[in-house]
file final17.cif (mmCIF, C-alpha atoms)
data_upload
loop_
_atom_site.label_atom_id
_atom_site.label_comp_id
_atom_site.auth_asym_id
_atom_site.auth_seq_id
_atom_site.Cartn_x
_atom_site.Cartn_y
_atom_site.Cartn_z
CA MET A 1 0.00 0.00 0.00
CA ILE A 2 1.33 3.40 -1.05
CA ILE A 3 0.06 5.02 2.14
CA TYR A 4 2.39 2.84 4.24
CA GLY A 5 5.41 4.48 2.65
CA VAL A 6 3.89 7.95 3.00
CA ALA A 7 3.07 7.20 6.63
CA LEU A 8 6.63 5.98 7.32
CA LEU A 9 8.01 9.18 5.78
CA SER A 10 5.58 11.34 7.76
CA THR A 11 6.35 9.56 11.02
CA CYS A 12 10.08 10.06 10.50
CA LEU A 13 9.53 13.79 9.87
CA VAL A 14 7.30 14.27 12.91
CA ILE A 15 9.67 12.38 15.25
CA GLY A 16 12.68 14.24 13.83
CA MET A 17 10.97 17.63 14.26
CA LEU A 18 10.00 16.77 17.84
CA ILE A 19 13.60 15.80 18.67
CA GLY A 20 14.90 18.95 16.92
CA GLN A 21 12.54 21.13 18.93
CA VAL A 22 13.59 19.41 22.19
CA ILE A 23 17.29 19.96 21.36
CA GLY A 24 16.52 23.63 20.62
CA ALA A 25 14.66 24.03 23.92
CA ALA A 26 17.48 22.25 25.80
CA LEU A 27 19.96 24.73 24.30
CA GLY A 28 17.68 27.59 25.24
CA ILE A 29 16.93 28.76 21.70
CA ASP A 30 13.57 28.99 19.98
CA ALA A 31 14.66 27.09 16.87
CA ASN A 32 14.44 23.58 15.55
CA VAL A 33 17.97 22.18 15.69
CA GLY A 34 18.48 19.59 12.99
CA GLY A 35 14.94 18.22 12.99
CA VAL A 36 14.99 17.57 9.26
CA GLY A 37 18.44 16.00 9.43
CA ILE A 38 17.37 13.67 12.23
CA ALA A 39 14.24 12.75 10.28
CA MET A 40 16.44 11.90 7.29
CA LEU A 41 18.66 9.71 9.46
CA LEU A 42 15.56 7.91 10.77
CA LEU A 43 14.37 7.28 7.22
CA VAL A 44 17.81 6.00 6.19
CA LEU A 45 17.86 3.66 9.19
CA ALA A 46 14.31 2.45 8.53
CA SER A 47 14.86 1.86 4.83
CA ASN A 48 18.07 -0.09 5.56
CA SER A 49 16.45 -2.26 8.23
CA VAL A 50 14.74 -5.60 7.64
CA ARG A 51 12.03 -4.91 10.20
CA PHE A 52 10.69 -1.97 8.18
CA ARG A 53 10.96 -3.74 4.81
CA PRO A 54 7.14 -3.96 4.34
CA LEU A 55 6.90 -0.17 4.79
CA SER A 56 9.74 0.69 2.44
CA SER A 57 9.55 -1.78 -0.45
CA GLY A 58 7.11 -2.54 -3.26
CA ALA A 59 4.08 -0.26 -3.49
CA ALA A 60 4.95 1.42 -0.18
CA ALA A 61 8.26 2.58 -1.70
CA GLN A 62 6.30 4.38 -4.43
CA GLY A 63 4.69 6.51 -1.74
CA ILE A 64 8.14 7.78 -0.73
CA ALA A 65 9.50 7.93 -4.28
CA PHE A 66 6.60 10.17 -5.33
CA TRP A 67 7.53 12.86 -2.81
CA SER A 68 11.16 12.49 -3.67
CA ALA A 69 10.27 13.17 -7.31
CA MET A 70 8.18 16.17 -6.26
CA TYR A 71 11.26 17.66 -4.62
CA ILE A 72 12.36 19.86 -7.53
CA PRO A 73 8.85 21.26 -8.24
CA ILE A 74 8.50 22.06 -4.53
CA VAL A 75 11.88 23.79 -4.58
CA VAL A 76 10.76 25.86 -7.58
CA ALA A 77 7.63 26.88 -5.63
CA MET A 78 9.91 27.70 -2.69
CA ALA A 79 12.10 29.90 -4.92
CA ALA A 80 8.97 31.69 -6.16
CA GLN A 81 8.08 32.82 -2.67
CA GLN A 82 11.47 34.10 -1.50
CA ASN A 83 11.63 37.73 -0.49
CA VAL A 84 13.79 38.66 -3.49
CA ALA A 85 12.52 42.23 -3.50
CA ALA A 86 13.84 42.76 0.04
CA ALA A 87 17.19 41.25 -0.87
CA ALA A 88 17.44 43.54 -3.88
CA SER A 89 16.58 46.64 -1.84
CA GLY A 90 18.95 45.85 1.04
CA GLY A 91 21.61 48.15 -0.34
CA LEU A 92 25.29 47.70 -0.98
CA LEU A 93 26.25 46.51 2.53
CA ALA A 94 23.77 43.61 2.46
CA LEU A 95 24.81 42.72 -1.06
CA VAL A 96 28.55 42.73 -0.30
CA ALA A 97 28.12 40.83 3.00
CA GLY A 98 25.95 38.14 1.36
CA VAL A 99 28.14 37.73 -1.72
CA ALA A 100 31.39 37.66 0.28
CA ALA A 101 30.04 35.01 2.68
CA VAL A 102 29.01 32.80 -0.25
CA VAL A 103 32.29 33.19 -2.14
CA VAL A 104 34.44 32.36 0.89
CA SER A 105 32.20 29.38 1.78
CA PHE A 106 32.39 28.06 -1.80
CA LEU A 107 36.19 28.25 -1.62
CA LEU A 108 36.22 26.23 1.61
CA VAL A 109 34.26 23.29 0.16
CA PRO A 110 37.30 21.57 -1.42
CA VAL A 111 39.46 22.37 1.65
CA ILE A 112 37.16 20.77 4.23
CA SER A 113 36.21 17.91 1.89
CA ARG A 114 39.92 17.08 1.78
CA ILE A 115 40.07 16.84 5.60
CA GLY A 116 37.31 14.23 5.41
CA ASN A 117 38.94 12.38 2.54
CA SER A 118 42.38 12.15 4.10
CA GLU A 119 40.79 10.80 7.27
CA ALA A 120 38.78 8.26 5.32
CA ALA A 121 41.97 7.30 3.51
CA SER A 122 43.92 6.86 6.75
CA GLU A 123 41.06 4.78 8.15
CA GLN A 124 41.28 2.52 5.13
CA ARG A 125 45.01 2.19 5.66
CA GLY A 126 44.28 1.30 9.29
CA ASP A 127 41.86 -1.39 8.17
CA ALA A 128 44.49 -2.85 5.87
CA GLN A 129 46.97 -3.05 8.72
CA MET B 1 -17.03 36.17 -14.43
CA ILE B 2 -13.81 37.40 -12.78
CA ASP B 3 -15.33 36.59 -9.37
CA LEU B 4 -16.15 33.12 -10.59
CA ILE B 5 -12.60 32.43 -11.75
CA GLU B 6 -11.17 33.91 -8.58
CA SER B 7 -13.31 31.77 -6.31
CA VAL B 8 -12.33 28.58 -8.17
CA PHE B 9 -8.65 29.51 -8.00
CA LEU B 10 -8.88 30.39 -4.31
CA ARG B 11 -10.74 27.27 -3.31
CA ASN B 12 -8.23 25.07 -5.17
CA SER B 13 -5.10 27.06 -4.46
CA LEU B 14 -2.72 24.12 -3.96
CA VAL B 15 -3.97 22.40 -7.12
CA VAL B 16 -3.53 25.66 -9.08
CA ALA B 17 0.05 25.79 -7.76
CA PHE B 18 0.75 22.24 -9.01
CA ALA B 19 -0.46 23.25 -12.49
CA VAL B 20 1.44 26.55 -12.57
CA ILE B 21 4.69 25.00 -11.33
CA GLY B 22 4.26 22.11 -13.77
CA VAL B 23 3.95 24.50 -16.70
CA THR B 24 6.94 26.52 -15.42
CA ILE B 25 9.10 23.40 -15.27
CA TRP B 26 7.99 22.24 -18.69
CA PHE B 27 8.86 25.67 -20.11
CA SER B 28 12.24 25.66 -18.30
CA TYR B 29 13.24 22.26 -19.65
CA PHE B 30 12.13 23.41 -23.09
CA LEU B 31 14.41 26.48 -22.78
CA ALA B 32 17.29 24.40 -21.39
CA ASP B 33 16.99 22.07 -24.35
CA LYS B 34 16.51 24.64 -27.13
CA LEU B 35 18.56 27.61 -25.96
CA THR B 36 21.44 26.06 -24.04
CA ALA B 37 21.43 22.61 -25.69
CA GLY B 38 21.25 21.03 -22.24
CA ARG B 39 24.32 22.84 -20.89
CA LEU B 40 22.21 24.60 -18.27
CA HIS B 41 20.03 22.25 -16.24
CA GLY B 42 16.26 22.69 -16.67
CA SER B 43 15.77 22.85 -12.92
CA ALA B 44 18.35 25.65 -12.65
CA ILE B 45 16.31 27.69 -15.15
CA ALA B 46 13.08 26.84 -13.32
CA ILE B 47 14.55 28.04 -10.00
CA ALA B 48 15.84 31.23 -11.65
CA LEU B 49 12.38 31.84 -13.16
CA GLY B 50 10.87 31.25 -9.71
CA LEU B 51 13.18 33.86 -8.19
CA LEU B 52 12.37 36.34 -10.97
CA ALA B 53 8.67 35.76 -10.41
CA ALA B 54 9.23 36.24 -6.67
CA TYR B 55 10.93 39.57 -7.32
CA TRP B 56 8.05 40.64 -9.51
CA GLY B 57 5.48 39.46 -6.95
CA GLY B 58 7.28 41.29 -4.17
CA THR B 59 7.44 44.58 -6.08
CA VAL B 60 3.82 44.39 -7.24
CA THR B 61 2.27 43.48 -3.88
CA GLY B 62 4.83 44.92 -1.46
CA GLY B 63 4.55 41.69 0.52
CA SER B 64 7.36 39.46 1.75
CA LYS B 65 6.31 36.13 0.21
CA GLY B 66 7.10 36.76 -3.45
CA VAL B 67 4.60 35.39 -5.89
CA ALA B 68 2.61 33.75 -3.07
CA ASP B 69 1.29 37.19 -2.09
CA ILE B 70 -0.60 37.39 -5.37
CA THR B 71 -4.09 36.21 -4.45
CA LEU B 72 -4.58 33.85 -7.39
CA LEU B 73 -1.20 32.17 -6.77
CA GLY B 74 -1.47 31.83 -2.99
CA GLY B 75 -1.19 28.05 -3.26
CA ILE B 76 2.48 28.39 -4.20
CA GLY B 77 2.98 29.52 -0.62
CA LEU B 78 1.67 26.20 0.63
CA MET B 79 3.43 24.09 -2.01
CA GLY B 80 6.81 25.74 -1.42
CA GLY B 81 6.28 26.41 2.29
CA GLY B 82 8.20 24.89 5.15
CA MET B 83 5.99 21.84 5.66
CA LEU B 84 6.02 20.37 2.15
CA ARG B 85 9.62 21.48 1.61
CA ASP B 86 10.83 19.57 4.66
CA PHE B 87 8.63 16.59 3.73
CA ALA B 88 10.15 16.42 0.26
CA ILE B 89 13.70 16.95 1.58
CA VAL B 90 13.33 14.04 4.01
CA SER B 91 11.94 11.81 1.26
CA THR B 92 15.17 12.28 -0.72
CA ALA B 93 16.99 10.39 2.04
CA PHE B 94 15.21 7.23 0.88
CA GLY B 95 17.83 5.00 -0.72
CA VAL B 96 20.80 6.74 0.92
CA HIS B 97 23.35 4.32 2.33
CA LEU B 98 24.41 4.68 5.92
CA SER B 99 28.05 4.04 4.99
CA GLU B 100 28.16 7.21 2.84
CA LEU B 101 26.98 9.27 5.79
CA LYS B 102 29.50 7.74 8.16
CA LYS B 103 32.36 8.41 5.75
CA ALA B 104 31.70 12.16 5.76
CA GLY B 105 30.33 12.37 9.29
CA LEU B 106 33.25 14.19 10.90
CA ALA B 107 33.93 16.48 7.93
CA GLY B 108 30.20 17.26 7.96
CA VAL B 109 30.26 18.32 11.61
CA VAL B 110 33.44 20.36 11.10
CA SER B 111 31.87 22.08 8.09
CA ILE B 112 28.81 23.22 10.10
CA PHE B 113 30.90 25.04 12.70
CA ALA B 114 33.41 26.30 10.12
CA GLY B 115 30.54 27.52 7.94
CA VAL B 116 28.80 29.46 10.70
CA ILE B 117 32.02 31.06 11.97
CA VAL B 118 33.44 31.90 8.53
CA SER B 119 30.20 33.45 7.24
CA PHE B 120 29.88 35.43 10.47
CA VAL B 121 33.45 36.72 10.33
CA VAL B 122 33.10 37.69 6.66
CA GLY B 123 29.79 39.48 7.29
CA ALA B 124 31.18 41.24 10.36
CA ALA B 125 34.32 42.28 8.46
CA VAL B 126 32.18 43.79 5.70
CA ALA B 127 30.19 45.72 8.33
CA VAL B 128 33.46 47.07 9.78
CA ALA B 129 34.67 47.96 6.28
CA PHE B 130 31.46 49.97 5.82
CA GLY B 131 32.32 51.97 8.91
CA TYR B 132 30.30 50.31 11.67
CA THR B 133 31.98 50.34 15.09
CA ASP B 134 29.07 49.33 17.34
CA PRO B 135 29.49 45.65 18.40
CA ILE B 136 25.71 45.09 18.29
CA ALA B 137 25.48 46.29 14.68
CA ILE B 138 28.57 44.32 13.61
CA THR B 139 27.29 41.13 15.27
CA THR B 140 23.81 41.48 13.75
CA ILE B 141 25.12 41.95 10.21
CA GLY B 142 27.60 39.10 10.68
CA ALA B 143 24.77 36.87 11.89
CA GLY B 144 22.72 37.89 8.84
CA ALA B 145 25.54 36.62 6.63
CA VAL B 146 25.09 33.26 8.41
CA THR B 147 21.42 32.96 7.42
CA TYR B 148 18.41 35.26 7.29
CA ILE B 149 17.03 33.44 10.33
CA VAL B 150 20.18 33.68 12.46
CA GLY B 151 20.38 37.46 11.74
CA PRO B 152 17.08 38.50 13.34
CA VAL B 153 17.31 35.86 16.12
CA THR B 154 20.72 37.21 17.12
CA GLY B 155 19.78 40.86 16.59
CA GLU B 156 16.69 40.60 18.78
CA ALA B 157 18.61 38.73 21.49
CA ILE B 158 21.29 41.44 21.78
CA GLY B 159 18.96 44.42 21.29
CA ALA B 160 19.80 45.56 17.75
CA SER B 161 17.72 48.26 16.05
CA GLY B 162 15.01 47.33 13.56
CA GLU B 163 17.06 48.86 10.78
CA MET B 164 20.04 46.59 11.57
CA ILE B 165 17.79 43.53 11.68
CA THR B 166 16.30 44.39 8.28
CA LEU B 167 19.82 44.78 6.91
CA SER B 168 20.85 41.39 8.33
CA VAL B 169 17.81 39.70 6.77
CA ALA B 170 18.70 41.27 3.42
CA ALA B 171 22.29 39.98 3.68
CA GLY B 172 20.98 36.48 4.46
CA LEU B 173 18.56 36.62 1.53
CA VAL B 174 21.35 37.67 -0.84
CA LYS B 175 23.35 34.67 0.38
CA SER B 176 20.47 32.24 -0.02
CA ILE B 177 19.62 33.44 -3.54
CA LEU B 178 23.24 33.45 -4.63
CA VAL B 179 23.68 29.85 -3.43
CA MET B 180 20.60 28.83 -5.45
CA ILE B 181 21.91 30.41 -8.64
CA GLY B 182 25.67 30.03 -8.13
CA THR B 183 25.97 26.39 -7.04
CA PRO B 184 25.43 24.75 -10.44
CA LEU B 185 27.90 27.23 -11.98
CA VAL B 186 30.77 26.54 -9.54
CA ALA B 187 29.97 22.89 -8.72
CA ARG B 188 32.66 21.46 -10.94
CA SER B 189 35.47 23.78 -9.81
CA ILE B 190 34.83 23.16 -6.09
CA GLY B 191 34.63 19.37 -6.52
CA LEU B 192 30.94 19.17 -5.69
CA ASN B 193 30.27 15.81 -7.33
CA ASN B 194 30.12 13.21 -4.55
CA PRO B 195 28.18 12.60 -1.31
CA GLN B 196 31.08 13.66 0.92
CA SER B 197 31.65 17.04 -0.66
CA ALA B 198 27.87 17.56 -0.78
CA MET B 199 27.70 17.07 3.01
CA VAL B 200 30.54 19.54 3.49
CA PHE B 201 28.84 21.94 1.07
CA GLY B 202 25.56 21.74 3.03
CA GLY B 203 27.36 22.39 6.29
CA LEU B 204 29.34 25.34 4.92
CA MET B 205 26.48 27.10 3.14
CA GLY B 206 23.81 26.27 5.67
CA THR B 207 20.92 28.13 4.10
CA THR B 208 18.42 25.29 3.75
CA SER B 209 16.59 26.84 0.82
CA GLY B 210 19.82 27.82 -0.92
CA VAL B 211 21.35 24.37 -0.50
CA ALA B 212 18.11 22.60 -1.42
CA ALA B 213 17.74 24.55 -4.65
CA GLY B 214 21.45 24.77 -5.49
CA LEU B 215 21.97 21.02 -5.27
CA ALA B 216 18.70 20.29 -7.09
CA ALA B 217 20.00 22.33 -10.00
CA THR B 218 23.41 20.64 -9.84
CA ASP B 219 22.69 16.96 -9.27
CA PRO B 220 19.51 15.79 -7.50
CA LYS B 221 21.36 12.72 -6.21
CA LEU B 222 23.45 14.97 -3.94
CA VAL B 223 20.43 16.64 -2.33
CA PRO B 224 19.98 14.36 0.70
CA TYR B 225 23.64 14.66 1.74
CA GLY B 226 23.77 18.44 1.57
CA ALA B 227 20.34 18.91 3.11
CA MET B 228 21.20 16.70 6.07
CA THR B 229 24.07 18.89 7.31
CA ALA B 230 22.42 22.16 6.27
CA THR B 231 19.50 21.57 8.63
CA PHE B 232 21.81 21.71 11.65
CA TYR B 233 23.45 24.95 10.54
CA THR B 234 20.73 27.44 11.44
CA GLY B 235 20.40 25.91 14.91
CA VAL B 236 24.14 26.14 15.52
CA GLY B 237 24.10 29.73 14.20
CA CYS B 238 21.22 30.73 16.54
CA LEU B 239 23.21 29.18 19.37
CA LEU B 240 26.60 30.81 18.65
CA GLY B 241 25.41 34.21 17.32
CA PRO B 242 24.04 35.89 20.44
CA SER B 243 26.59 34.18 22.71
CA VAL B 244 30.18 33.28 21.77
CA LEU B 245 30.29 35.33 18.57
CA PHE B 246 28.74 38.43 20.16
CA PHE B 247 31.18 38.20 23.11
CA ALA B 248 34.10 37.88 20.69
CA VAL B 249 33.01 40.97 18.74
CA SER B 250 32.42 42.93 21.98
CA ALA B 251 35.93 42.05 23.14
CA LEU B 252 37.38 43.37 19.87
CA PHE B 253 35.38 46.61 19.51
#
call {"tool": "encode", "arguments": {"input": "final17.cif", "output": "C-alpha cells"}}
result
Amino acid sequence: MIIYGVALLSTCLVIGMLIGQVIGAALGIDANVGGVGIAMLLLVLASNSVRFRPLSSGAAAQGIAFWSAMYIPIVVAMAAQQNVAAAASGGLLALVAGVAAVVVSFLLVPVISRIGNSEAASEQRGDAQ
Amino acid sequence: MIDLIESVFLRNSLVVAFAVIGVTIWFSYFLADKLTAGRLHGSAIAIALGLLAAYWGGTVTGGSKGVADITLLGGIGLMGGGMLRDFAIVSTAFGVHLSELKKAGLAGVVSIFAGVIVSFVVGAAVAVAFGYTDPIAITTIGAGAVTYIVGPVTGEAIGASGEMITLSVAAGLVKSILVMIGTPLVARSIGLNNPQSAMVFGGLMGTTSGVAAGLAATDPKLVPYGAMTATFYTGVGCLLGPSVLFFAVSALF
C-alpha cells in the first residue's frame, strides 16, 4: 500500500521535528535544531532495516518515491516565494556581505572535503593493517 | 465572471500551484533544451524563473512572500512552504546508504561550525569595512551573513535596532539566492560531485533553501547529503550568534 510508505516518511519527519525542537529548547533557543536532518537519518535507518521492509519496499516505496520526485517542483515553488525584492533593496552593505560570505564558503568546500577524505583514507590504511 | 474564476482559484489554491509549477518546469526544460542545448540544467532555469517571479510578486504586492502574495497564486505559498519542503527533503533520504553518511560524518560536523564562523566573520568584516563600530550592529550583520534566520534571532537577542535587523535579513537573503543560482555554476570547480563534498557543502552554506535549490540544480542525487548537514546549521548559528560570537566581537570593539 502506497500510504504505508507515505506514513513511514511522515512519522520520521514528525519524530525528527520533535527531537529537533527538544534539542533547541534544551539549548535555550527557539529554533528547531536539525529536525529535518534527524528525520532523514531515521528514514535511512528504517529503509536499511529488515524490520521496516514492508513499509519501504514494493508499493509502499512508491509513496516515498513520489515525494522524492516532487522535490524539484516544490523547490521551484519555494524559490517563487522568496523575499527577493527585500534582498534587492537591502543596499550595498547587504549585497557585499551576502556575496562575500558565499564566495568564501564556496572556496572552503574543497578544503574541508579534503580533511574528510584524508581521514577516510587513513582509516582505510588502518583497516588494511 | 472574474469573481467566478477567482473563487475557483482560491478554493483550489494548492492544485492551481501544481499546475502553474508544472507549466513553469515544462517551459524551463524546453528552454534548457533549445537555448542552451542542455548545458544549463532545466531545474536551474526553473529556480531562476521562480526567483524572478518572486521579485516581480514582491514589487507588485509589497509583501514578503514573493509570488505567493498574489491572491490567485497563494497556493504556491503552501506548495513551497516549510511543511512540504521539509517533507520532500526528508523523502530524498530514501535510498541513501548509511556508509556514505558515516564516511563524511566528521567532515560534515566540522563544516557546520566552520561555515557558521566563517560566514559570520566575513559578514562582520564587511560591516566594519562599511564603517560600523558598534558591536551590536557588527554582530547582527555578521549573523545575517550566516542565514536570514540567524540574523534576526541574534539581533533581537542582543537588542539591535530594527534597521540593523532588516539589513541582516537582506544579507541572508542575498546569500540564499546566490547559493541557489551560483551552485550549479561553480559545482565542478569546487569538486561538488560526490556525497562527501555535498555534506561539506551543506554544512558550509547552511541556508536550507539555498542548498536545497542549489543542489537540485546541480545533481539531485546529492540533495539528501547536503540537506542533512544544512539543517543543523541554522540551529548552531542561533546558538553561537548571540553568545560566543557576540562576546568575541564585543571584546574586539
call {"tool": "interface_residues", "arguments": {"input": "final17.cif", "of": "chain A", "to": "chain B", "cutoff": "7 Å", "atoms": "only C-alpha atoms", "output": "PyMOL selection string"}}
result
chain A and resi 9+13+29+31-34+36-37+39-40+43-44+47+64+67-68+70-87+90+94-95+97-102+105-107+109-110+112-113+115-116+120
call {"tool": "resolve_selection", "arguments": {"input": "final17.cif", "expression": "the PyMOL selection byres ((chain A and resi 61) around 9)", "output": "PyMOL selection string"}}
result
(chain A and resi 1-2+4-6+54-60+62-66) or (chain B and resi 94)
call {"tool": "resolve_selection", "arguments": {"input": "final17.cif", "expression": "the PyMOL selection byres ((chain B and resi 134) around 12)", "output": "VMD selection string"}}
result
chain B and resid 124 127 to 128 130 to 133 135 to 141 158 to 161 164 246 249 to 253
call {"tool": "atom_distance", "arguments": {"input": "final17.cif", "atom1": "CA of Val244 (chain B)", "atom2": "CA of Val96 (chain A)"}}
result
24.1 Å
call {"tool": "atom_distance", "arguments": {"input": "final17.cif", "atom1": "CA of Met1 (chain B)", "atom2": "CA of Val23 (chain B)"}}
result
24.1 Å
call {"tool": "closest_residue", "arguments": {"input": "final17.cif", "among": "B:Thr71, B:His41, B:Phe30, B:Thr36", "to": "Leu10 (chain B)", "atoms": "all atoms listed in the file"}}
result
B:Thr71
call {"tool": "atom_distance", "arguments": {"input": "final17.cif", "atom1": "CA of Val15 (chain B)", "atom2": "CA of Val211 (chain B)"}}
result
26.2 Å
call {"tool": "build_atoms", "arguments": {"input": "final17.cif", "residues": "region 89-112 of chain A", "atoms": "N, CA and C atoms", "output": "short mmCIF file (atom, residue, chain, number, x, y, z; two decimals), in the frame of the given file"}}
result
data_model
loop_
_atom_site.label_atom_id
_atom_site.label_comp_id
_atom_site.auth_asym_id
_atom_site.auth_seq_id
_atom_site.Cartn_x
_atom_site.Cartn_y
_atom_site.Cartn_z
N SER A 89 16.63 45.26 -2.34
CA SER A 89 16.58 46.64 -1.84
C SER A 89 17.40 46.81 -0.56
N GLY A 90 18.17 45.79 -0.21
CA GLY A 90 18.95 45.85 1.04
C GLY A 90 20.15 46.76 0.97
N GLY A 91 20.48 47.25 -0.22
CA GLY A 91 21.61 48.15 -0.34
C GLY A 91 22.93 47.44 -0.51
N LEU A 92 23.97 48.22 -0.64
CA LEU A 92 25.29 47.70 -0.98
C LEU A 92 25.86 46.84 0.15
N LEU A 93 25.68 47.27 1.40
CA LEU A 93 26.25 46.51 2.53
C LEU A 93 25.71 45.09 2.55
N ALA A 94 24.38 44.94 2.43
CA ALA A 94 23.77 43.61 2.46
C ALA A 94 24.26 42.78 1.29
N LEU A 95 24.37 43.42 0.14
CA LEU A 95 24.81 42.72 -1.06
C LEU A 95 26.25 42.20 -0.90
N VAL A 96 27.13 43.11 -0.45
CA VAL A 96 28.55 42.73 -0.30
C VAL A 96 28.69 41.65 0.77
N ALA A 97 28.01 41.81 1.92
CA ALA A 97 28.12 40.83 3.00
C ALA A 97 27.64 39.45 2.52
N GLY A 98 26.49 39.41 1.84
CA GLY A 98 25.95 38.14 1.36
C GLY A 98 26.86 37.49 0.33
N VAL A 99 27.30 38.28 -0.65
CA VAL A 99 28.14 37.73 -1.72
C VAL A 99 29.48 37.24 -1.15
N ALA A 100 30.09 38.04 -0.27
CA ALA A 100 31.39 37.66 0.28
C ALA A 100 31.27 36.36 1.08
N ALA A 101 30.22 36.24 1.88
CA ALA A 101 30.04 35.01 2.68
C ALA A 101 29.93 33.79 1.77
N VAL A 102 29.19 33.94 0.66
CA VAL A 102 29.01 32.80 -0.25
C VAL A 102 30.33 32.44 -0.94
N VAL A 103 31.05 33.47 -1.41
CA VAL A 103 32.29 33.19 -2.14
C VAL A 103 33.30 32.47 -1.24
N VAL A 104 33.48 32.99 -0.02
CA VAL A 104 34.44 32.36 0.89
C VAL A 104 34.00 30.92 1.23
N SER A 105 32.70 30.73 1.46
CA SER A 105 32.20 29.38 1.78
C SER A 105 32.41 28.43 0.60
N PHE A 106 32.15 28.90 -0.61
CA PHE A 106 32.39 28.06 -1.80
C PHE A 106 33.85 27.60 -1.82
N LEU A 107 34.76 28.56 -1.55
CA LEU A 107 36.19 28.25 -1.62
C LEU A 107 36.59 27.22 -0.57
N LEU A 108 35.85 27.16 0.54
CA LEU A 108 36.22 26.23 1.61
C LEU A 108 35.75 24.80 1.34
N VAL A 109 34.81 24.63 0.40
CA VAL A 109 34.26 23.29 0.16
C VAL A 109 35.37 22.27 -0.16
N PRO A 110 36.24 22.56 -1.13
CA PRO A 110 37.30 21.57 -1.42
C PRO A 110 38.25 21.38 -0.24
N VAL A 111 38.51 22.46 0.53
CA VAL A 111 39.46 22.37 1.65
C VAL A 111 38.94 21.40 2.71
N ILE A 112 37.69 21.62 3.15
CA ILE A 112 37.16 20.77 4.23
C ILE A 112 36.84 19.37 3.71
#
